[in-house]
>>> print(open('work.cif').read())   # mmCIF, C-alpha atoms
data_my_file
#
loop_
_atom_site.label_atom_id
_atom_site.label_comp_id
_atom_site.auth_asym_id
_atom_site.auth_seq_id
_atom_site.Cartn_x
_atom_site.Cartn_y
_atom_site.Cartn_z
CA MET A 1 0.00 0.00 0.00
CA PHE A 2 2.84 2.36 0.93
CA SER A 3 4.64 1.64 -2.34
CA LYS A 4 1.52 2.53 -4.32
CA TRP A 5 1.20 5.95 -2.64
CA LYS A 6 4.94 6.54 -3.09
CA SER A 7 4.57 5.78 -6.81
CA PHE A 8 1.54 8.13 -7.05
CA PHE A 9 3.37 11.08 -5.47
CA SER A 10 6.43 10.45 -7.59
CA VAL A 11 4.37 10.67 -10.78
CA HIS A 12 2.63 13.91 -9.70
CA LYS A 13 5.92 15.43 -8.53
CA ASN A 14 7.33 14.96 -12.01
CA THR A 15 4.14 16.43 -13.52
CA SER A 16 4.42 19.49 -11.25
CA ARG A 17 8.00 20.06 -12.33
CA ALA A 18 6.94 19.79 -15.97
CA LEU A 19 4.16 22.29 -15.46
CA LYS A 20 6.50 24.76 -13.71
CA PHE A 21 9.02 24.42 -16.55
CA THR A 22 6.30 24.97 -19.17
CA ALA A 23 4.96 28.02 -17.33
CA GLY A 24 8.44 29.50 -17.09
CA CYS A 25 8.98 29.06 -20.82
CA LEU A 26 5.68 30.73 -21.62
CA ALA A 27 6.50 33.69 -19.34
CA GLY A 28 9.87 34.09 -21.04
CA ILE A 29 8.28 34.06 -24.47
CA MET A 30 5.71 36.71 -23.44
CA LEU A 31 8.40 38.98 -21.93
CA THR A 32 10.55 38.67 -25.03
CA SER A 33 7.59 39.49 -27.28
CA ALA A 34 6.64 42.55 -25.23
CA THR A 35 10.21 43.83 -25.35
CA ALA A 36 10.37 43.36 -29.10
CA VAL A 37 7.11 45.24 -29.62
CA ALA A 38 8.36 48.12 -27.46
CA LEU A 39 11.62 48.33 -29.39
CA MET A 40 9.79 48.31 -32.72
CA ARG A 41 7.63 51.36 -31.78
CA PRO A 42 8.86 54.64 -33.41
CA ILE A 43 10.65 57.08 -31.11
CA PRO A 44 8.94 60.50 -31.01
CA ASP A 45 10.89 63.33 -32.65
CA MET A 46 12.94 65.29 -30.17
CA PRO A 47 12.59 69.09 -30.20
CA ASP A 48 15.26 71.07 -32.00
CA THR A 49 17.98 72.49 -29.82
CA VAL A 50 17.38 76.15 -29.05
CA SER A 51 20.47 78.28 -29.40
CA GLY A 52 21.66 79.51 -26.04
CA TRP A 53 19.73 76.98 -23.99
CA ASP A 54 21.57 74.56 -21.72
CA SER A 55 21.25 70.96 -22.86
CA SER A 56 19.94 70.00 -19.42
CA SER A 57 16.84 72.17 -19.84
CA ILE A 58 13.56 70.47 -18.98
CA LEU A 59 11.67 69.33 -22.03
CA VAL A 60 8.08 70.56 -22.06
CA SER A 61 4.94 69.27 -23.66
CA GLN A 62 3.22 71.01 -26.54
CA ASP A 63 1.02 73.03 -24.22
CA GLY A 64 4.07 74.42 -22.43
CA LEU A 65 3.54 72.56 -19.14
CA GLU A 66 6.23 70.41 -17.57
CA SER A 67 5.41 66.78 -18.24
CA SER A 68 7.06 63.46 -17.43
CA ALA A 69 4.25 61.27 -18.74
CA PRO A 70 3.67 60.53 -22.44
CA ILE A 71 0.92 62.56 -24.12
CA SER A 72 -2.08 60.48 -25.13
CA SER A 73 -3.37 60.59 -28.69
CA ALA A 74 -6.42 62.53 -27.48
CA GLU A 75 -4.21 65.13 -25.78
CA GLU A 76 -2.07 65.38 -28.91
CA SER A 77 -5.17 66.10 -30.99
CA VAL A 78 -6.31 68.86 -28.64
CA SER A 79 -2.83 70.38 -28.55
CA GLU A 80 -2.55 70.33 -32.35
CA ALA A 81 -5.97 71.94 -32.67
CA GLU A 82 -5.02 74.72 -30.26
CA SER A 83 -1.75 75.25 -32.10
CA SER A 84 -3.57 75.43 -35.43
CA LYS A 85 -6.09 77.91 -34.01
CA GLN A 86 -3.29 80.13 -32.71
CA GLN A 87 -1.59 80.07 -36.10
CA GLU A 88 -4.81 81.15 -37.78
CA THR A 89 -5.14 84.17 -35.52
CA THR A 90 -1.55 85.42 -35.86
CA ASN A 91 -0.53 84.42 -39.40
CA TYR A 92 -1.56 87.46 -41.41
CA LYS A 93 -1.75 85.47 -44.64
CA GLU A 94 -4.60 83.43 -43.17
CA ILE A 95 -6.57 86.39 -41.79
CA GLU A 96 -9.46 87.30 -44.05
CA ILE A 97 -9.87 91.01 -44.74
CA LYS A 98 -13.64 91.35 -44.62
CA SER A 99 -13.94 95.13 -44.51
CA GLU A 100 -14.39 97.28 -47.58
CA THR A 101 -11.05 98.71 -48.70
CA GLU A 102 -10.14 101.79 -50.69
CA VAL A 103 -7.07 103.74 -51.77
CA VAL A 104 -7.70 107.24 -50.42
CA THR A 105 -6.34 110.65 -51.41
CA PRO A 106 -6.25 113.58 -48.96
CA GLY A 107 -8.92 115.66 -50.69
CA SER A 108 -11.41 112.88 -51.39
CA GLU A 109 -14.89 112.62 -49.90
CA THR A 110 -13.79 109.44 -48.16
CA ALA A 111 -10.95 111.30 -46.45
CA LYS A 112 -13.31 114.03 -45.30
CA GLU A 113 -15.74 111.50 -43.85
CA GLU A 114 -13.40 108.74 -42.65
CA ASP A 115 -9.93 110.14 -41.89
CA ALA A 116 -9.69 111.20 -38.25
CA LEU A 117 -6.64 113.30 -39.11
CA TYR A 118 -8.59 115.37 -41.66
CA PRO A 119 -8.01 119.08 -40.90
CA GLY A 120 -10.60 120.37 -38.49
CA HIS A 121 -11.53 116.97 -37.13
CA GLY A 122 -8.68 115.36 -35.29
CA GLY A 123 -7.48 115.54 -31.74
CA LYS A 124 -3.82 114.93 -31.04
CA PRO A 125 -2.67 112.77 -28.14
CA GLY A 126 0.30 115.05 -27.55
CA GLY A 127 -1.84 118.01 -26.57
CA SER A 128 -3.23 121.06 -28.35
CA GLY A 129 -2.76 124.80 -28.48
CA ASN A 130 0.74 125.06 -27.01
CA GLU A 131 2.79 122.91 -29.34
CA SER A 132 6.49 123.65 -29.14
CA VAL A 133 8.95 123.33 -32.00
CA ALA A 134 12.03 123.89 -29.83
CA ASP A 135 14.28 120.87 -29.52
CA PRO A 136 13.30 119.11 -26.30
CA GLU A 137 15.34 118.67 -23.18
CA PRO A 138 16.22 115.00 -22.80
CA PRO A 139 14.46 113.24 -19.93
CA SER A 140 16.06 110.23 -18.30
CA PRO A 141 16.23 107.98 -21.36
CA PRO A 142 14.06 104.85 -21.32
CA GLU A 143 15.90 101.63 -20.57
CA SER A 144 15.42 100.18 -24.05
CA SER A 145 15.44 103.40 -26.07
CA SER A 146 18.60 102.35 -27.89
CA ASN A 147 16.72 99.40 -29.34
CA ALA A 148 13.68 101.29 -30.59
CA GLY A 149 14.92 101.13 -34.13
CA SER A 150 14.52 97.40 -34.51
CA GLY A 151 12.01 97.01 -37.32
CA SER A 152 12.16 93.25 -37.75
CA SER A 153 13.73 90.23 -36.13
CA SER A 154 16.76 90.54 -38.38
CA SER A 155 17.25 94.29 -38.08
CA SER A 156 19.95 95.85 -35.97
CA SER A 157 19.45 98.69 -33.52
CA SER A 158 19.48 102.18 -34.93
CA SER A 159 22.02 104.70 -33.73
CA ALA A 160 23.06 108.17 -34.76
CA GLU A 161 26.57 108.40 -36.14
CA SER A 162 26.35 111.77 -37.88
CA PRO A 163 27.19 114.79 -35.65
CA SER A 164 24.85 116.92 -37.75
CA SER A 165 21.85 114.75 -36.92
CA SER A 166 22.30 114.25 -33.20
CA GLU A 167 22.98 116.20 -30.04
CA SER A 168 24.97 114.81 -27.17
CA SER A 169 25.07 115.35 -23.43
CA SER A 170 27.56 113.41 -21.36
CA SER A 171 28.60 112.67 -17.81
CA GLN A 172 31.87 111.18 -16.70
CA GLY A 173 32.10 108.53 -14.01
CA SER A 174 34.52 109.36 -11.17
CA SER A 175 35.67 105.83 -10.43
CA ASP A 176 36.37 104.25 -13.82
CA SER A 177 36.50 107.34 -16.07
CA THR A 178 33.74 106.00 -18.33
CA THR A 179 31.63 108.51 -20.23
CA VAL A 180 27.87 107.98 -20.65
CA THR A 181 26.49 109.86 -23.65
CA GLN A 182 22.85 110.49 -24.57
CA GLU A 183 22.49 111.12 -28.27
CA ALA A 184 19.28 112.67 -29.56
CA VAL A 185 18.29 111.13 -32.89
CA TYR A 186 15.57 113.01 -34.77
CA GLY A 187 12.83 111.72 -37.02
CA LEU A 188 9.49 112.59 -38.64
CA ASP A 189 6.14 110.91 -39.18
CA VAL A 190 4.18 111.61 -42.34
CA SER A 191 0.95 110.89 -44.19
CA TYR A 192 -0.46 112.03 -47.51
CA TYR A 193 -1.12 115.46 -45.98
CA GLN A 194 2.59 116.22 -46.42
CA GLY A 195 2.13 116.09 -50.20
CA ASN A 196 5.21 115.75 -52.41
CA ILE A 197 8.36 115.22 -50.33
CA ASP A 198 11.98 115.77 -51.34
CA TRP A 199 13.45 112.89 -49.35
CA ASN A 200 17.06 113.77 -50.11
CA ALA A 201 16.50 117.24 -48.64
CA VAL A 202 14.91 115.67 -45.56
CA LYS A 203 17.89 113.38 -45.09
CA GLN A 204 20.42 116.17 -45.63
CA SER A 205 18.69 118.30 -42.97
CA GLY A 206 19.80 115.85 -40.29
CA ILE A 207 16.66 113.71 -39.99
CA GLU A 208 17.59 110.07 -39.39
CA PHE A 209 14.28 108.18 -39.46
CA VAL A 210 10.68 108.48 -40.60
CA PHE A 211 7.40 106.76 -39.75
CA ILE A 212 5.06 106.52 -42.75
CA ARG A 213 1.34 105.99 -42.42
CA VAL A 214 0.22 102.86 -44.26
CA GLY A 215 -3.42 103.83 -43.90
CA TYR A 216 -6.32 103.96 -41.48
CA ARG A 217 -9.67 102.45 -40.62
CA GLY A 218 -12.46 104.95 -41.17
CA TYR A 219 -13.80 106.37 -37.93
CA GLY A 220 -17.31 106.31 -39.39
CA THR A 221 -18.01 103.23 -41.49
CA GLY A 222 -14.94 101.26 -40.54
CA LYS A 223 -13.66 100.79 -44.08
CA LEU A 224 -9.94 100.17 -44.49
CA CYS A 225 -8.18 102.99 -46.32
CA LEU A 226 -4.73 102.80 -47.90
CA ASP A 227 -2.84 106.08 -47.76
CA SER A 228 -2.35 106.96 -51.44
CA LYS A 229 1.20 108.19 -50.74
CA PHE A 230 2.40 105.17 -48.77
CA HIS A 231 4.20 103.25 -51.51
CA GLU A 232 5.67 106.42 -53.01
CA TYR A 233 6.88 107.59 -49.61
CA ILE A 234 8.46 104.33 -48.47
CA LYS A 235 10.36 103.91 -51.73
CA GLY A 236 11.59 107.51 -51.67
CA ALA A 237 12.56 107.46 -47.99
CA LYS A 238 14.50 104.22 -48.31
CA ALA A 239 16.26 105.41 -51.46
CA SER A 240 17.47 108.53 -49.60
CA GLY A 241 19.02 106.42 -46.83
CA LEU A 242 16.50 107.21 -44.10
CA LYS A 243 15.57 104.57 -41.53
CA VAL A 244 11.91 103.64 -42.02
CA GLY A 245 9.06 102.51 -39.78
CA VAL A 246 5.31 102.57 -40.43
CA TYR A 247 2.10 103.19 -38.52
CA PHE A 248 -1.62 102.51 -38.90
CA PHE A 249 -4.46 104.62 -37.50
CA SER A 250 -6.82 102.09 -35.89
CA GLN A 251 -10.52 102.29 -35.29
CA ALA A 252 -10.91 98.61 -34.43
CA ILE A 253 -13.78 97.93 -32.05
CA ASN A 254 -12.71 94.37 -31.25
CA GLU A 255 -9.69 92.08 -31.46
CA SER A 256 -10.83 90.52 -34.73
CA GLU A 257 -10.84 93.92 -36.44
CA ALA A 258 -7.43 94.72 -34.91
CA ARG A 259 -5.98 91.53 -36.42
CA GLU A 260 -7.61 92.42 -39.72
CA GLU A 261 -5.91 95.83 -39.60
CA ALA A 262 -2.56 94.18 -38.94
CA ALA A 263 -3.08 91.82 -41.89
CA PHE A 264 -3.96 94.80 -44.09
CA VAL A 265 -0.72 96.56 -43.10
CA LEU A 266 1.45 93.49 -43.52
CA LYS A 267 0.12 92.74 -46.99
CA GLU A 268 1.01 96.28 -48.04
CA LEU A 269 4.49 95.77 -46.56
CA GLU A 270 5.24 92.69 -48.64
CA GLY A 271 8.47 93.30 -50.52
CA TYR A 272 9.73 95.97 -48.09
CA SER A 273 12.15 95.68 -45.20
CA LEU A 274 11.86 97.98 -42.17
CA ASP A 275 14.43 99.49 -39.84
CA PHE A 276 11.91 100.74 -37.28
CA PRO A 277 8.71 99.21 -35.84
CA VAL A 278 5.14 98.83 -37.09
CA ALA A 279 3.11 101.11 -34.82
CA TYR A 280 -0.52 100.83 -33.69
CA ASP A 281 -2.16 104.26 -33.30
CA MET A 282 -5.66 104.27 -31.79
CA GLU A 283 -7.36 107.56 -30.93
CA ASN A 284 -10.99 108.10 -29.89
CA TRP A 285 -11.42 111.75 -29.10
CA TYR A 286 -14.94 112.39 -30.37
CA SER A 287 -18.32 110.70 -29.89
CA ASP A 288 -18.62 109.94 -33.62
CA TYR A 289 -15.49 107.76 -33.50
CA ARG A 290 -16.28 104.05 -33.66
CA THR A 291 -13.92 103.49 -30.73
CA TYR A 292 -15.31 106.24 -28.49
CA ASP A 293 -17.08 103.95 -26.00
CA LEU A 294 -14.40 101.26 -25.76
CA SER A 295 -13.15 100.41 -22.29
CA LYS A 296 -9.52 100.51 -21.22
CA THR A 297 -9.43 96.70 -21.31
CA GLU A 298 -10.89 96.55 -24.83
CA ILE A 299 -8.48 99.19 -26.13
CA THR A 300 -5.52 97.37 -24.60
CA ASN A 301 -6.62 93.97 -25.90
CA ASN A 302 -7.08 95.38 -29.40
CA ALA A 303 -3.55 96.80 -29.29
CA ILE A 304 -2.18 93.43 -28.19
CA ALA A 305 -4.09 91.59 -30.94
CA PHE A 306 -2.62 93.90 -33.60
CA CYS A 307 0.91 93.69 -32.16
CA GLU A 308 0.92 89.90 -31.92
CA VAL A 309 0.09 89.53 -35.62
CA VAL A 310 2.87 92.00 -36.45
CA LYS A 311 5.33 90.14 -34.23
CA ALA A 312 4.41 86.78 -35.76
CA ALA A 313 5.31 88.21 -39.18
CA GLY A 314 8.83 89.04 -37.96
CA TYR A 315 8.41 92.79 -37.44
CA THR A 316 8.80 94.75 -34.21
CA PRO A 317 5.42 96.01 -32.92
CA MET A 318 4.94 99.38 -31.25
CA VAL A 319 2.00 101.11 -29.53
CA TYR A 320 1.37 104.85 -29.87
CA TYR A 321 -0.36 106.95 -27.23
CA GLY A 322 0.24 110.33 -25.65
CA ARG A 323 -0.09 112.72 -22.76
CA GLY A 324 -3.71 113.35 -23.68
CA ASN A 325 -4.93 109.75 -23.89
CA TYR A 326 -2.48 107.38 -22.20
CA LEU A 327 -4.94 106.70 -19.37
CA LYS A 328 -7.12 104.86 -21.88
CA PHE A 329 -4.40 102.19 -22.20
CA ASP A 330 -2.88 99.73 -19.76
CA THR A 331 0.51 101.37 -20.19
CA ALA A 332 2.33 99.11 -17.73
CA LEU A 333 1.25 95.98 -19.57
CA LEU A 334 1.86 97.33 -23.06
CA SER A 335 5.26 98.85 -22.25
CA SER A 336 6.36 95.52 -20.75
CA ARG A 337 5.69 93.78 -24.07
CA TYR A 338 6.17 96.28 -26.87
CA LYS A 339 8.00 99.42 -27.95
CA ILE A 340 6.20 102.63 -27.00
CA TRP A 341 5.84 105.79 -29.07
CA PHE A 342 4.77 108.61 -26.75
CA ALA A 343 3.32 111.97 -27.80
CA HIS A 344 3.64 115.08 -25.66
CA TYR A 345 3.93 118.46 -27.39
CA THR A 346 6.43 120.24 -25.21
CA ASN A 347 10.18 120.51 -24.92
CA LYS A 348 10.17 119.07 -21.40
CA THR A 349 7.81 116.19 -20.66
CA ASP A 350 6.62 115.39 -17.15
CA TYR A 351 5.55 111.90 -18.15
CA THR A 352 7.37 109.32 -16.03
CA GLY A 353 6.21 106.18 -17.83
CA HIS A 354 8.38 104.20 -20.23
CA PHE A 355 8.70 105.23 -23.86
CA ASP A 356 11.14 104.56 -26.69
CA ILE A 357 10.34 107.41 -29.10
CA TRP A 358 8.96 110.83 -28.17
CA GLN A 359 6.76 112.80 -30.59
CA TYR A 360 7.31 116.30 -29.21
CA THR A 361 5.65 118.59 -31.78
CA CYS A 362 3.16 118.54 -34.63
CA THR A 363 4.16 121.94 -36.01
CA ALA A 364 7.80 121.39 -36.99
CA ARG A 365 9.24 122.58 -40.28
CA CYS A 366 11.69 120.54 -42.32
CA PRO A 367 13.50 121.13 -45.63
CA GLY A 368 11.91 119.05 -48.38
CA ILE A 369 8.40 119.26 -46.86
CA SER A 370 5.90 122.08 -47.28
CA GLY A 371 3.96 122.99 -44.15
CA ASP A 372 3.88 121.51 -40.66
CA VAL A 373 5.06 118.02 -39.86
CA ASP A 374 5.28 115.89 -36.70
CA LYS A 375 8.79 115.60 -35.27
CA ASN A 376 10.15 112.90 -32.99
CA VAL A 377 13.26 112.23 -30.94
CA MET A 378 14.89 108.99 -29.80
CA TYR A 379 17.60 109.01 -27.15
CA VAL A 380 20.44 106.58 -27.66
CA THR A 381 22.58 105.93 -24.61
CA LYS A 382 26.24 105.16 -25.28
CA THR A 383 29.03 104.35 -22.86
CA GLN A 384 32.64 105.03 -23.79
#
>>> encode(input="work.cif", output="structure tokens")
Amino acid sequence: MFSKWKSFFSVHKNTSRALKFTAGCLAGIMLTSATAVALMRPIPDMPDTVSGWDSSSILVSQDGLESSAPISSAEESVSEAESSKQQETTNYKEIEIKSETEVVTPGSETAKEEDALYPGHGGKPGGSGNESVADPEPPSPPESSSNAGSGSSSSSSSSAESPSSSESSSSQGSSDSTTVTQEAVYGLDVSYYQGNIDWNAVKQSGIEFVFIRVGYRGYGTGKLCLDSKFHEYIKGAKASGLKVGVYFFSQAINESEAREEAAFVLKELEGYSLDFPVAYDMENWYSDYRTYDLSKTEITNNAIAFCEVVKAAGYTPMVYYGRGNYLKFDTALLSSRYKIWFAHYTNKTDYTGHFDIWQYTCTARCPGISGDVDKNVMYVTKTQ
């Protein structure tokens, strides 16, 4: 009887060993297969190395948040959709210009009814009544004033090299004998109201830069108007050796219209390079202006919308406001992001906010131009 049980257990012991061996083989096969499948999966593309970044920088997911887990296919789809939406709102070539457009001359009926700068109907943010044409006294120069002349991502900063076109004031350090110099670089801004311009005479008078109006949105109907002198002016100014920037008079009542205005400007700029920024000029002095009832938040958001489209196209954006209307803008926010063009018609401003270019008179005279013209100054700080 004992021998029978011993034989039974011996048989089952061998069977158990066989089963364990078989199970181990199967587990090994499954592990090998899983490893092979993992190795055969494609490795996601690594982001390009950003110049100047340390190689140990944390990689981030597409939405900009730190992530250690892989992104699911659903998350990838959402991220791609958001990226595509952002591209549509900042790529000027994909922004549809829905408004009626027109090339406008200064004496046309459209100009009389739509151009806020038309004589007799146009406030000025720099002030009124006491405009001074005397060269201004330099305030403490803004921190980034020396970089105001960057018109695109590939442009270099503008500086005045000609003694005839700049004025200097200097102070000498007592410890290291370094000299800090503030050079005043002068410029103009023009629209079709300046008529025929002798650009060589302007350049020879000591003017270094000019802002040219591309056009404006009508303050009444909201149509987009191309300044009839824009293309003539920009070609002539560049041929004379002047540094060139441009501006657009906005009457956008929402961010969509502001982006549309930016697209309008950028399409007119195709084929031109700039040395100075693309400026956004919004004024709403009178109750018949489309923008009259906009809030500070709306005005600021419209400026940002315009500037972001400009920046996406590779140009340097700038926002224009002045002593008479700067409270309508979030100046702290805008000056932290963009170049600022400030208007105050005096030779000594009391404005303590940041600005890069100062429009200090609208009644200047300049060789090569008949009548009054706006004049600007940019202070370039140099250390020797």
>>> closest_residue(input="work.cif", among="A:Gly353, A:Gly195, A:Pro317, A:Gly220", to="Ala116 (chain A)", atoms="all atoms listed in the file")
A:Gly220
>>> closest_residue(input="work.cif", among="A:Lys223, A:Arg259, A:Lys328, A:Arg365", to="Leu188 (chain A)", atoms="only C-alpha atoms")
A:Arg365
>>> resolve_selection(input="work.cif", expression="the PyMOL selection byres ((chain A and resi 225-235) around 8)", output="list of chain:residue names")
A:Thr101, A:Glu102, A:Val103, A:Val104, A:Thr105, A:Ser191, A:Tyr192, A:Gly195, A:Ile197, A:Ile212, A:Arg213, A:Val214, A:Gly215, A:Tyr216, A:Arg217, A:Gly218, A:Lys223, A:Leu224, A:Gly236, A:Ala237, A:Lys238, A:Ala239, A:Val244
>>> closest_residue(input="work.cif", among="A:Thr383, A:Gln251, A:Ser240, A:Gln182", to="Asp115 (chain A)", atoms="all atoms listed in the file")
A:Gln251
>>> closest_residue(input="work.cif", among="A:Gln204, A:Pro138, A:Gly368, A:Thr381", to="Lys348 (chain A)", atoms="all atoms listed in the file")
A:Pro138
>>> closest_residue(input="work.cif", among="A:Val133, A:Phe329, A:Gly241, A:Ile299", to="Thr363 (chain A)", atoms="all atoms listed in the file")
A:Val133
>>> atom_distance(input="work.cif", atom1="CA of Thr297 (chain A)", atom2="CA of Ala252 (chain A)")
13.3 Å
>>> closest_residue(input="work.cif", among="A:Trp199, A:Trp358, A:Tyr351, A:Tyr92", to="Val310 (chain A)", atoms="all atoms listed in the file")
A:Tyr92
>>> residues_around(input="work.cif", residues="Leu333 (chain A)", least_positions_apart="6", cutoff="12 Å", atoms="all atoms listed in the file", output="ChimeraX atom specification")
/A:296-297,300-301,303-304,319,339-340,353-354
>>> resolve_selection(input="work.cif", expression="the PyMOL selection byres ((chain A and resi 260) around 10)", output="VMD selection string")
chain A and resid 89 92 95 to 99 224 252 255 to 259 261 to 266 305 to 306 309
>>> resolve_selection(input="work.cif", expression="the PyMOL selection byres ((chain A and resi 210) around 7)", output="JSON, numbers by chain")
{"A": [187, 188, 189, 209, 211, 212, 242, 243, 244, 245]}
>>> atom_distance(input="work.cif", atom1="CA of Tyr321 (chain A)", atom2="CA of Lys93 (chain A)")
27.7 Å
>>> atom_distance(input="work.cif", atom1="CA of Val246 (chain A)", atom2="CA of Asp374 (chain A)")
13.8 Å
